[in-house]
file work.txt (compact mmCIF, C-alpha atoms)
# COMPACT_ATOMS: atom_id res chain seq x y z
CA MET A 350 -15.86 14.61 15.35
CA VAL A 351 -12.40 13.03 15.32
CA ARG A 352 -9.63 15.63 15.37
CA VAL A 353 -6.52 14.66 13.43
CA GLY A 354 -2.92 15.83 13.18
CA ILE A 355 -0.63 15.02 10.27
CA LEU A 356 2.95 13.91 10.99
CA GLY A 357 4.79 14.50 7.73
CA PHE A 358 3.50 15.11 4.22
CA ALA A 359 6.06 13.15 2.19
CA HIS A 360 3.55 10.46 1.22
CA GLY A 361 1.35 12.69 -0.91
CA HIS A 362 -1.67 10.41 -0.68
CA VAL A 363 -2.55 12.15 2.58
CA MET A 364 -3.41 15.21 0.54
CA SER A 365 -6.01 13.22 -1.41
CA PHE A 366 -7.85 11.48 1.42
CA GLY A 367 -7.27 14.48 3.69
CA GLY A 368 -8.89 16.68 1.08
CA ARG A 369 -11.85 14.31 0.97
CA TRP A 370 -12.23 14.60 4.76
CA ILE A 371 -12.47 18.37 4.32
CA SER A 372 -14.94 18.24 1.44
CA SER A 373 -17.09 15.59 3.15
CA PRO A 374 -17.92 16.83 6.66
CA GLU A 375 -20.34 13.94 7.08
CA LEU A 376 -17.28 11.73 7.55
CA GLY A 377 -16.69 13.46 10.88
CA VAL A 378 -12.93 14.04 10.59
CA LYS A 379 -11.31 17.43 11.15
CA ILE A 380 -7.64 18.12 10.34
CA VAL A 381 -6.42 20.36 13.15
CA ALA A 382 -2.68 20.67 12.60
CA GLY A 383 0.29 19.34 10.70
CA TRP A 384 4.05 19.07 11.02
CA ASP A 385 6.88 18.22 8.67
CA HIS A 386 10.65 18.49 9.05
CA ASP A 387 10.44 20.44 5.78
CA ARG A 388 8.84 23.69 6.93
CA THR A 389 7.95 24.81 3.41
CA ARG A 390 6.20 21.52 2.68
CA ALA A 391 4.35 21.74 5.98
CA GLU A 392 3.11 25.23 5.26
CA SER A 393 1.89 24.52 1.74
CA SER A 394 0.27 21.24 2.75
CA CYS A 395 -1.51 22.66 5.78
CA ALA A 396 -2.76 25.57 3.70
CA ALA A 397 -4.17 23.12 1.13
CA LEU A 398 -5.84 21.10 3.89
CA GLY A 399 -8.19 23.78 5.08
CA GLY A 400 -5.66 26.00 6.77
CA ALA A 401 -4.56 23.50 9.42
CA GLU A 402 -2.14 24.95 11.94
CA VAL A 403 1.55 24.41 11.25
CA MET A 404 3.33 22.99 14.28
CA GLU A 405 6.98 23.61 15.13
CA SER A 406 7.66 20.02 16.13
CA ALA A 407 6.16 16.55 16.10
CA GLU A 408 6.35 16.59 19.91
CA ALA A 409 4.24 19.73 20.06
CA LEU A 410 1.64 18.21 17.75
CA VAL A 411 1.12 15.00 19.71
CA ALA A 412 1.04 16.96 23.00
CA ARG A 413 -2.13 18.77 21.94
CA ALA A 414 -5.21 17.69 23.84
CA ASP A 415 -7.43 18.68 20.90
CA ILE A 416 -5.88 16.03 18.65
CA ASP A 417 -7.32 12.52 18.94
CA ALA A 418 -5.44 10.76 16.15
CA VAL A 419 -2.52 11.19 13.78
CA VAL A 420 -1.68 10.23 10.24
CA VAL A 421 2.00 9.32 9.87
CA ALA A 422 2.76 10.23 6.25
CA SER A 423 6.45 11.08 6.57
CA GLU A 424 9.28 9.49 4.65
CA THR A 425 9.34 5.79 5.53
CA LEU A 426 12.59 6.12 7.49
CA TYR A 427 10.85 8.15 10.19
CA HIS A 428 7.85 5.87 10.75
CA PRO A 429 9.21 4.08 13.84
CA GLU A 430 10.05 7.21 15.82
CA LEU A 431 6.87 9.07 14.86
CA CYS A 432 4.65 6.08 15.63
CA GLU A 433 6.34 5.70 19.02
CA LEU A 434 5.92 9.41 19.74
CA ALA A 435 2.22 9.30 18.90
CA ALA A 436 1.59 6.04 20.75
CA LYS A 437 3.19 7.39 23.94
CA ALA A 438 0.75 10.28 23.72
CA GLY A 439 -2.18 7.89 23.41
CA LYS A 440 -3.14 8.86 19.87
CA THR A 441 -4.91 6.61 17.39
CA ILE A 442 -2.53 6.05 14.48
CA ILE A 443 -2.91 5.73 10.73
CA CYS A 444 0.53 4.95 9.32
CA TYR A 445 0.67 5.30 5.58
CA LYS A 446 2.35 2.47 3.75
CA PRO A 447 4.77 0.74 3.89
CA LEU A 448 5.18 0.05 7.59
CA ALA A 449 8.97 0.49 7.69
CA LEU A 450 12.23 0.15 5.78
CA THR A 451 13.67 -2.77 7.73
CA LEU A 452 12.32 -5.73 9.62
CA ALA A 453 13.95 -4.45 12.83
CA ASP A 454 12.09 -1.15 12.44
CA ALA A 455 8.86 -3.05 11.84
CA ASP A 456 9.43 -5.02 15.05
CA ARG A 457 9.94 -1.73 16.87
CA ILE A 458 6.57 -0.45 15.67
CA VAL A 459 4.87 -3.72 16.62
CA SER A 460 6.36 -3.47 20.13
CA THR A 461 5.22 0.15 20.38
CA VAL A 462 1.64 -0.68 19.45
CA GLU A 463 1.56 -3.60 21.87
CA LYS A 464 3.11 -1.57 24.71
CA TYR A 465 0.77 1.41 24.48
CA GLY A 466 -2.33 -0.38 23.21
CA VAL A 467 -3.36 2.36 20.79
CA PRO A 468 -5.63 1.72 17.80
CA PHE A 469 -3.33 1.36 14.80
CA THR A 470 -3.71 0.71 11.10
CA VAL A 471 -1.49 0.87 8.06
CA GLY A 472 -3.08 2.56 5.07
CA TYR A 473 -3.20 0.31 2.02
CA GLN A 474 -5.54 1.59 -0.67
CA MET A 475 -5.96 -1.78 -2.38
CA ARG A 476 -7.67 -3.27 0.69
CA VAL A 477 -10.54 -0.78 0.55
CA ASP A 478 -11.05 -0.56 -3.21
CA PRO A 479 -14.59 -1.83 -3.99
CA GLN A 480 -13.47 -3.91 -6.97
CA ASN A 481 -10.69 -5.54 -4.96
CA ILE A 482 -13.15 -6.32 -2.17
CA LYS A 483 -15.34 -8.02 -4.77
CA ILE A 484 -12.34 -10.04 -6.01
CA LYS A 485 -11.73 -11.20 -2.44
CA GLU A 486 -15.40 -12.15 -2.07
CA LEU A 487 -15.35 -14.16 -5.30
CA ILE A 488 -12.21 -16.02 -4.20
CA GLU A 489 -13.40 -16.77 -0.68
CA SER A 490 -16.90 -17.82 -1.78
CA GLY A 491 -15.49 -20.44 -4.13
CA THR A 492 -17.31 -18.89 -7.08
CA ILE A 493 -14.49 -19.82 -9.48
CA GLY A 494 -13.43 -22.90 -7.53
CA ASP A 495 -9.96 -23.65 -6.21
CA ILE A 496 -7.47 -20.95 -7.11
CA TYR A 497 -4.54 -22.18 -9.21
CA MET A 498 -2.87 -18.98 -10.38
CA TYR A 499 -2.95 -15.29 -9.43
CA ARG A 500 -1.26 -12.38 -11.19
CA ARG A 501 -1.19 -8.67 -10.37
CA ARG A 502 0.47 -6.19 -12.72
CA HIS A 503 1.22 -2.94 -10.92
CA GLY A 504 2.81 0.08 -12.49
CA LEU A 505 3.79 3.71 -12.42
CA ALA A 506 5.37 5.93 -15.06
CA THR A 507 8.04 7.37 -12.79
CA HIS A 508 10.59 7.13 -15.61
CA THR A 509 8.70 9.95 -17.34
CA TRP A 510 8.53 12.23 -14.30
CA ALA A 511 11.05 15.05 -14.58
CA GLY A 512 13.45 15.11 -11.64
CA PHE A 513 12.08 11.97 -10.01
CA GLU A 514 15.63 10.85 -9.18
CA LYS A 515 15.92 13.91 -6.91
CA THR A 516 12.87 13.08 -4.83
CA TRP A 517 12.88 11.28 -1.50
CA HIS A 518 11.24 8.29 -3.20
CA ALA A 519 14.56 7.50 -4.87
CA ASP A 520 16.68 8.14 -1.76
CA PRO A 521 18.01 4.84 -0.34
CA LYS A 522 18.18 6.28 3.19
CA LEU A 523 14.64 7.62 3.26
CA ASN A 524 12.78 5.09 1.15
CA ARG A 525 15.20 2.36 0.00
CA ASP A 526 13.91 2.61 -3.60
CA ILE A 527 10.75 2.72 -5.69
CA PHE A 528 10.26 -1.06 -5.57
CA ALA A 529 10.34 -1.11 -1.76
CA ASP A 530 7.84 1.73 -1.62
CA ASP A 531 5.32 0.84 -4.28
CA SER A 532 5.54 -2.92 -4.70
CA SER A 533 4.27 -3.06 -1.13
CA HIS A 534 0.79 -2.21 -2.51
CA PRO A 535 0.25 -5.33 -4.66
CA ILE A 536 2.31 -7.52 -2.33
CA ASP A 537 0.12 -6.51 0.59
CA MET A 538 -2.97 -7.15 -1.55
CA LEU A 539 -1.64 -10.67 -2.10
CA ASN A 540 -1.22 -11.09 1.67
CA TRP A 541 -4.76 -9.79 2.18
CA LEU A 542 -6.22 -12.21 -0.38
CA PHE A 543 -4.32 -15.40 0.40
CA GLY A 544 -2.17 -14.86 3.49
CA VAL A 545 1.59 -15.23 3.73
CA PRO A 546 3.18 -17.55 1.14
CA GLU A 547 5.99 -19.98 1.89
CA THR A 548 8.61 -18.86 -0.65
CA VAL A 549 9.46 -16.32 -3.34
CA MET A 550 11.73 -16.17 -6.37
CA ALA A 551 12.33 -12.63 -7.62
CA GLU A 552 14.30 -10.58 -10.10
CA LEU A 553 14.78 -6.82 -9.66
CA THR A 554 16.46 -4.63 -12.24
CA THR A 555 17.26 -0.99 -13.01
CA MET A 556 16.52 0.01 -16.59
CA ALA A 557 15.46 3.60 -17.29
CA ASN A 558 17.65 5.69 -14.99
CA PRO A 559 20.60 4.38 -12.95
CA LYS A 560 19.71 6.89 -10.23
CA VAL A 561 16.27 5.31 -9.76
CA LYS A 562 17.05 1.83 -8.50
CA ASN A 563 14.91 -1.26 -9.06
CA ASP A 564 12.40 0.30 -11.41
CA ASN A 565 11.25 -3.13 -12.63
CA GLY A 566 10.69 -6.32 -10.70
CA VAL A 567 8.87 -9.64 -10.94
CA ALA A 568 8.23 -11.96 -8.00
CA LEU A 569 6.81 -15.48 -8.00
CA PHE A 570 5.35 -16.38 -4.62
CA LYS A 571 4.42 -20.00 -3.87
CA TYR A 572 1.94 -21.21 -1.27
CA LYS A 573 1.85 -24.49 0.61
CA ASN A 574 -1.14 -25.68 -1.41
CA GLY A 575 0.73 -25.10 -4.68
CA LEU A 576 -0.81 -21.76 -5.64
CA ILE A 577 1.62 -19.60 -7.61
CA ALA A 578 1.16 -15.84 -7.43
CA GLU A 579 2.99 -13.43 -9.72
CA ILE A 580 3.52 -9.82 -8.71
CA SER A 581 4.89 -7.78 -11.62
CA CYS A 582 5.92 -4.20 -10.87
CA TYR A 583 6.86 -1.90 -13.75
CA PHE A 584 7.70 1.64 -12.72
CA THR A 585 8.57 2.29 -16.33
CA CYS A 586 4.98 1.69 -17.40
CA SER A 587 3.44 4.41 -19.57
CA ALA A 588 0.09 2.76 -20.21
CA ALA A 589 -1.67 -0.54 -19.61
CA GLU A 590 -5.11 -2.07 -19.19
CA ILE A 591 -5.32 -5.35 -17.29
CA THR A 592 -4.25 -5.30 -13.64
CA THR A 593 -5.47 -8.48 -11.93
CA GLU A 594 -5.93 -12.06 -13.16
CA VAL A 595 -7.23 -14.96 -11.08
CA TYR A 596 -7.50 -18.46 -12.56
CA GLY A 597 -9.48 -21.14 -10.77
CA SER A 598 -10.79 -24.65 -11.30
CA ARG A 599 -14.22 -23.36 -12.28
CA GLY A 600 -13.57 -19.97 -13.78
CA THR A 601 -11.58 -16.77 -14.16
CA ILE A 602 -11.54 -13.23 -12.75
CA GLN A 603 -10.18 -10.32 -14.81
CA GLN A 604 -9.75 -6.74 -13.60
CA TYR A 605 -8.85 -3.80 -15.82
CA PHE A 606 -8.13 -0.15 -15.04
CA GLY A 607 -6.94 -0.84 -11.49
CA ASP A 608 -3.86 1.40 -11.28
CA ALA A 609 -2.50 4.71 -12.58
CA PRO A 610 -1.15 3.64 -16.01
CA SER A 611 -4.38 1.77 -16.80
CA THR A 612 -6.55 4.81 -16.09
CA ARG A 613 -4.29 7.27 -17.91
CA LEU A 614 -5.87 6.74 -21.33
CA PRO A 615 -9.60 6.77 -22.18
CA HIS A 616 -11.19 3.69 -20.69
CA GLY A 617 -14.53 2.21 -19.81
CA THR A 618 -16.09 1.90 -16.39
CA GLU A 619 -16.70 -1.88 -16.44
CA GLY A 620 -13.30 -2.89 -15.15
CA LEU A 621 -14.10 -6.11 -13.30
CA LYS A 622 -15.63 -9.22 -14.82
CA TYR A 623 -15.58 -12.93 -14.14
CA PHE A 624 -16.47 -16.16 -15.91
CA VAL A 625 -17.92 -19.27 -14.27
CA GLU A 626 -17.94 -22.63 -16.07
CA GLY A 627 -21.43 -23.32 -17.38
CA ASP A 628 -22.04 -19.70 -18.30
CA THR A 629 -21.92 -18.52 -21.91
CA ASP A 630 -20.45 -15.09 -21.27
CA TRP A 631 -18.65 -12.95 -18.71
CA ARG A 632 -20.47 -11.74 -15.62
CA LEU A 633 -19.95 -8.03 -14.94
CA SER A 634 -19.39 -6.85 -11.38
CA GLY A 635 -21.32 -3.62 -11.89
CA ILE A 636 -18.71 -1.81 -9.78
CA PRO A 637 -17.53 1.15 -11.85
CA SER A 638 -13.87 1.90 -12.43
CA PRO A 639 -12.99 5.50 -11.52
CA ALA A 640 -11.97 8.01 -14.16
CA GLY A 641 -8.50 8.25 -12.64
CA HIS A 642 -6.40 6.55 -10.00
CA GLY A 643 -6.50 9.66 -7.83
CA GLU A 644 -10.15 8.92 -7.13
CA ARG A 645 -9.18 5.56 -5.66
CA ILE A 646 -6.65 7.27 -3.40
CA ALA A 647 -9.14 9.88 -2.20
CA ALA A 648 -11.82 7.25 -1.61
CA GLN A 649 -9.77 5.80 1.27
CA ALA A 650 -11.14 8.68 3.33
CA GLY A 651 -14.32 6.80 4.16
CA ALA A 652 -12.59 3.65 5.42
CA PHE A 653 -10.09 5.71 7.40
CA ALA A 654 -12.94 7.70 8.95
CA ASP A 655 -14.73 4.51 9.96
CA PHE A 656 -11.53 3.26 11.60
CA LEU A 657 -11.02 6.54 13.46
CA HIS A 658 -14.60 6.43 14.73
CA GLY A 659 -14.14 2.84 15.93
CA CYS A 660 -16.69 1.52 13.43
CA ARG A 661 -14.33 -0.94 11.74
CA PRO A 662 -11.17 -2.88 12.57
CA PRO A 663 -7.78 -1.84 11.21
CA ILE A 664 -7.58 -1.77 7.43
CA CYS A 665 -4.23 -3.51 7.78
CA SER A 666 -3.06 -4.51 11.25
CA VAL A 667 0.49 -3.91 12.38
CA TYR A 668 1.11 -7.67 12.22
CA GLU A 669 -0.21 -7.99 8.67
CA ALA A 670 1.89 -4.98 7.64
CA ARG A 671 5.01 -6.60 9.10
CA ASP A 672 4.24 -9.78 7.15
CA SER A 673 3.81 -7.77 3.96
CA LEU A 674 7.17 -6.11 4.61
CA LYS A 675 8.73 -9.57 5.02
CA MET A 676 7.36 -10.50 1.61
CA VAL A 677 8.88 -7.37 0.06
CA LEU A 678 12.26 -7.89 1.72
CA ALA A 679 12.29 -11.53 0.65
CA CYS A 680 12.13 -10.29 -2.95
CA TYR A 681 15.36 -8.38 -2.38
CA LEU A 682 17.07 -11.36 -0.78
CA SER A 683 16.01 -13.62 -3.63
CA SER A 684 17.18 -11.17 -6.29
CA GLN A 685 20.51 -10.62 -4.53
CA THR A 686 21.28 -14.30 -3.97
CA GLY A 687 19.59 -15.87 -6.97
CA GLN A 688 17.84 -18.25 -4.55
CA ARG A 689 14.30 -19.22 -3.77
CA VAL A 690 13.77 -17.63 -0.36
CA ARG A 691 11.44 -18.53 2.48
CA ILE A 692 9.37 -15.62 3.81
CA ASP A 693 10.56 -16.45 7.34
CA ASP A 694 14.26 -16.49 6.37
CA PRO A 695 16.28 -14.91 9.23
CA ARG A 696 18.51 -13.20 6.65
CA LEU A 697 15.67 -10.74 6.05
CA TYR A 698 16.99 -8.83 9.08
CA ASP A 699 20.10 -8.06 7.05
CA ILE A 700 18.21 -6.49 4.14

call {"tool": "encode", "arguments": {"input": "work.txt", "output": "structure tokens"}}
result
Amino acid sequence: MVRVGILGFAHGHVMSFGGRWISSPELGVKIVAGWDHDRTRAESSCAALGGAEVMESAEALVARADIDAVVVASETLYHPELCELAAKAGKTIICYKPLALTLADADRIVSTVEKYGVPFTVGYQMRVDPQNIKIKELIESGTIGDIYMYRRRHGLATHTWAGFEKTWHADPKLNRDIFADDSSHPIDMLNWLFGVPETVMAELTTMANPKVKNDNGVALFKYKNGLIAEISCYFTCSAAEITTEVYGSRGTIQQYFGDAPSTRLPHGTEGLKYFVEGDTDWRLSGIPSPAGHGERIAAQAGAFADFLHGCRPPICSVYEARDSLKMVLACYLSSQTGQRVRIDDPRLYDI
């Protein structure tokens, strides 16, 4: 049994996969205690997670000998200090996405992990989704040939959420903005599928509410081999269907129902299909799409448990997470300057 403490409950996904740990004892993860700088949030969250003990401080939580690992799910601003605190105490760390707000903070976390040598992963749901894993297998196996074009549409309907502008997600100090927070999902998936691109051209805009910055953004990443990858993020998206498109020299991959807006309305379960030249129809993956996106979030519990038990490598290493952050920050630099930006541009440290 791996005994876990939660450092912050701002990233609400911890409630989903944490709840799955509780309801699935066979996963071998027990939530012992939790802390949050917001005492009320800590109390309600710990109560919902099986009555975990509420700790007075993060220091007190990581000092406990009966805690083997921590989940850092605080506001993104606090990730560096909480990761360092946990690493000094020798705890295994799951840091929920994104890694950090700035590249300097990401470097600090990398140095911390290297210094203390603790097992560390960043939690990115898209890397453990069964359909996405199948997409990666189809790409790497050459089933549809050389890949020419990739597109991921990713959305949320935050413009319809009452009071969203008052949440920490829209606070530039705590989270930068919604694009920084949530575009990191599909941008990291791109990194996972193809590695780090050479350049990006991006446009970010604020449309629905001036208090919720950068609620729409499109980025065109280009790879050395010529592959163009489009990441389109619409946080003003009420409903959708298709999420992922991959076009190759010998075929096509299409995925539907892969995010929250696309599972909001009634939909089928056959969300992933692919066509190979020579066939007369689509091939179906046979991997069912969940009824709602919350099921995808909760399903991370199994992969996280395997990591905590040492049965699998990090879902996303600290180095991969830093690269994904570079890709996100390069979108900001491109949008601000109107330039095509290299992912290794030193100006990213100023973003």

call {"tool": "closest_residue", "arguments": {"input": "work.txt", "among": "A:Lys515, A:Arg457, A:Lys483, A:His616", "to": "Gly641 of chain A", "atoms": "only C-alpha atoms"}}
result
A:His616

call {"tool": "residues_around", "arguments": {"input": "work.txt", "residues": "Ile646 of chain A", "least_positions_apart": "4", "cutoff": "10 Å", "atoms": "all atoms listed in the file", "output": "VMD selection string"}}
result
chain A and resid 361 to 366 369 473 to 475 477 to 478 641 to 642 650

call {"tool": "write_last_selection", "arguments": {"input": "work.txt", "atoms": "C-alpha atoms", "output": "short mmCIF file (atom, residue, chain, number, x, y, z; two decimals), in the coordinates of the input"}}
result
data_model
loop_
_atom_site.label_atom_id
_atom_site.label_comp_id
_atom_site.auth_asym_id
_atom_site.auth_seq_id
_atom_site.Cartn_x
_atom_site.Cartn_y
_atom_site.Cartn_z
CA GLY A 361 1.35 12.69 -0.91
CA HIS A 362 -1.67 10.41 -0.68
CA VAL A 363 -2.55 12.15 2.58
CA MET A 364 -3.41 15.21 0.54
CA SER A 365 -6.01 13.22 -1.41
CA PHE A 366 -7.85 11.48 1.42
CA ARG A 369 -11.85 14.31 0.97
CA TYR A 473 -3.20 0.31 2.02
CA GLN A 474 -5.54 1.59 -0.67
CA MET A 475 -5.96 -1.78 -2.38
CA VAL A 477 -10.54 -0.78 0.55
CA ASP A 478 -11.05 -0.56 -3.21
CA GLY A 641 -8.50 8.25 -12.64
CA HIS A 642 -6.40 6.55 -10.00
CA ALA A 650 -11.14 8.68 3.33
#

call {"tool": "residues_around", "arguments": {"input": "work.txt", "residues": "Ala407 of chain A", "least_positions_apart": "2", "cutoff": "12 Å", "atoms": "only C-alpha atoms", "output": "PyMOL selection string"}}
result
chain A and resi 354-357+382-388+391+403-405+409-413+419-421+423+427+430-435+438

call {"tool": "residues_around", "arguments": {"input": "work.txt", "residues": "Leu614 of chain A", "least_positions_apart": "2", "cutoff": "12 Å", "atoms": "all atoms listed in the file", "output": "list in words"}}
result
Ser587, Ala588, Ala589, Glu590, Phe606, Asp608, Ala609, Pro610, Ser611, Thr612, His616, Gly617, Ala640, Gly641 and His642 of chain A

call {"tool": "atom_distance", "arguments": {"input": "work.txt", "atom1": "atom CA of Arg632 of chain A", "atom2": "atom CA of Gly544 of chain A"}}
result
26.6 Å

call {"tool": "atom_distance", "arguments": {"input": "work.txt", "atom1": "atom CA of Ser581 of chain A", "atom2": "atom CA of Pro535 of chain A"}}
result
8.7 Å

call {"tool": "atom_distance", "arguments": {"input": "work.txt", "atom1": "atom CA of Glu408 of chain A", "atom2": "atom CA of Lys522 of chain A"}}
result
22.9 Å

call {"tool": "closest_residue", "arguments": {"input": "work.txt", "among": "A:Gly687, A:Gly651, A:Gly659, A:Gly575", "to": "Ser372 of chain A", "atoms": "all atoms listed in the file"}}
result
A:Gly651

call {"tool": "residues_around", "arguments": {"input": "work.txt", "residues": "Arg502 of chain A", "least_positions_apart": "2", "cutoff": "9 Å", "atoms": "only C-alpha atoms", "output": "number ranges by chain"}}
result
A: 500, 504, 535, 579-583, 591-594, 608

call {"tool": "closest_residue", "arguments": {"input": "work.txt", "among": "A:Ile692, A:Leu682, A:Ala654, A:Val595", "to": "Gly494 of chain A", "atoms": "all atoms listed in the file"}}
result
A:Val595

call {"tool": "residues_around", "arguments": {"input": "work.txt", "residues": "Val378 of chain A", "least_positions_apart": "5", "cutoff": "8 Å", "atoms": "all atoms listed in the file", "output": "JSON, numbers by chain"}}
result
{"A": [350, 351, 352, 353, 370, 371, 654]}

call {"tool": "closest_residue", "arguments": {"input": "work.txt", "among": "A:Leu576, A:Leu633, A:Cys665, A:Val567", "to": "His503 of chain A", "atoms": "all atoms listed in the file"}}
result
A:Val567

call {"tool": "residues_near_point", "arguments": {"input": "work.txt", "point": "(-13.5, -2.3, -15.6)", "cutoff": "8 Å", "atoms": "only C-alpha atoms", "output": "VMD selection string"}}
result
chain A and resid 604 to 607 617 to 622 636 to 638

call {"tool": "closest_residue", "arguments": {"input": "work.txt", "among": "A:Thr509, A:Thr554, A:Thr548, A:Thr601", "to": "Arg691 of chain A", "atoms": "only C-alpha atoms"}}
result
A:Thr548

call {"tool": "closest_residue", "arguments": {"input": "work.txt", "among": "A:Asp456, A:Ser666, A:Val677, A:Leu487", "to": "Gly566 of chain A", "atoms": "only C-alpha atoms"}}
result
A:Val677

call {"tool": "decode", "arguments": {"input": "work.txt", "residues": "segment 538-555 of chain A", "atoms": "N, CA and C atoms", "output": "JSON list (two decimals), in the first residue's frame"}}
result
[["chain", "number", "residue", "atom", "x", "y", "z"],
["A", 538, "MET", "N", 0.63, 16.52, -25.46],
["A", 538, "MET", "CA", 0.33, 15.34, -26.27],
["A", 538, "MET", "C", 1.12, 15.38, -27.57],
["A", 539, "LEU", "N", 1.24, 16.56, -28.17],
["A", 539, "LEU", "CA", 2.04, 16.70, -29.38],
["A", 539, "LEU", "C", 3.50, 16.34, -29.10],
["A", 540, "ASN", "N", 4.05, 16.80, -28.00],
["A", 540, "ASN", "CA", 5.41, 16.47, -27.60],
["A", 540, "ASN", "C", 5.57, 14.97, -27.42],
["A", 541, "TRP", "N", 4.58, 14.36, -26.78],
["A", 541, "TRP", "CA", 4.58, 12.91, -26.54],
["A", 541, "TRP", "C", 4.55, 12.12, -27.85],
["A", 542, "LEU", "N", 3.78, 12.60, -28.81],
["A", 542, "LEU", "CA", 3.64, 11.88, -30.08],
["A", 542, "LEU", "C", 4.84, 12.05, -31.00],
["A", 543, "PHE", "N", 5.35, 13.28, -31.10],
["A", 543, "PHE", "CA", 6.34, 13.59, -32.13],
["A", 543, "PHE", "C", 7.63, 14.19, -31.60],
["A", 544, "GLY", "N", 7.70, 14.51, -30.32],
["A", 544, "GLY", "CA", 8.87, 15.19, -29.79],
["A", 544, "GLY", "C", 8.74, 16.70, -29.92],
["A", 545, "VAL", "N", 9.83, 17.38, -29.65],
["A", 545, "VAL", "CA", 9.82, 18.84, -29.64],
["A", 545, "VAL", "C", 9.99, 19.37, -31.06],
["A", 546, "PRO", "N", 9.10, 20.25, -31.52],
["A", 546, "PRO", "CA", 9.25, 20.83, -32.86],
["A", 546, "PRO", "C", 10.35, 21.88, -32.90],
["A", 547, "GLU", "N", 10.62, 22.39, -34.08],
["A", 547, "GLU", "CA", 11.63, 23.44, -34.21],
["A", 547, "GLU", "C", 11.05, 24.82, -33.95],
["A", 548, "THR", "N", 9.86, 25.11, -34.52],
["A", 548, "THR", "CA", 9.31, 26.46, -34.46],
["A", 548, "THR", "C", 7.81, 26.44, -34.23],
["A", 549, "VAL", "N", 7.27, 27.62, -33.90],
["A", 549, "VAL", "CA", 5.82, 27.79, -33.78],
["A", 549, "VAL", "C", 5.43, 29.19, -34.25],
["A", 550, "MET", "N", 4.27, 29.27, -34.87],
["A", 550, "MET", "CA", 3.60, 30.54, -35.14],
["A", 550, "MET", "C", 2.24, 30.46, -34.46],
["A", 551, "ALA", "N", 1.91, 31.46, -33.65],
["A", 551, "ALA", "CA", 0.69, 31.38, -32.85],
["A", 551, "ALA", "C", -0.04, 32.70, -32.80],
["A", 552, "GLU", "N", -1.36, 32.60, -32.63],
["A", 552, "GLU", "CA", -2.20, 33.76, -32.36],
["A", 552, "GLU", "C", -3.06, 33.45, -31.15],
["A", 553, "LEU", "N", -3.03, 34.32, -30.15],
["A", 553, "LEU", "CA", -3.87, 34.21, -28.96],
["A", 553, "LEU", "C", -4.79, 35.42, -28.92],
["A", 554, "THR", "N", -6.02, 35.21, -28.47],
["A", 554, "THR", "CA", -6.96, 36.31, -28.43],
["A", 554, "THR", "C", -7.93, 36.15, -27.26],
["A", 555, "THR", "N", -8.52, 37.26, -26.86],
["A", 555, "THR", "CA", -9.51, 37.28, -25.78],
["A", 555, "THR", "C", -10.83, 37.73, -26.37]]
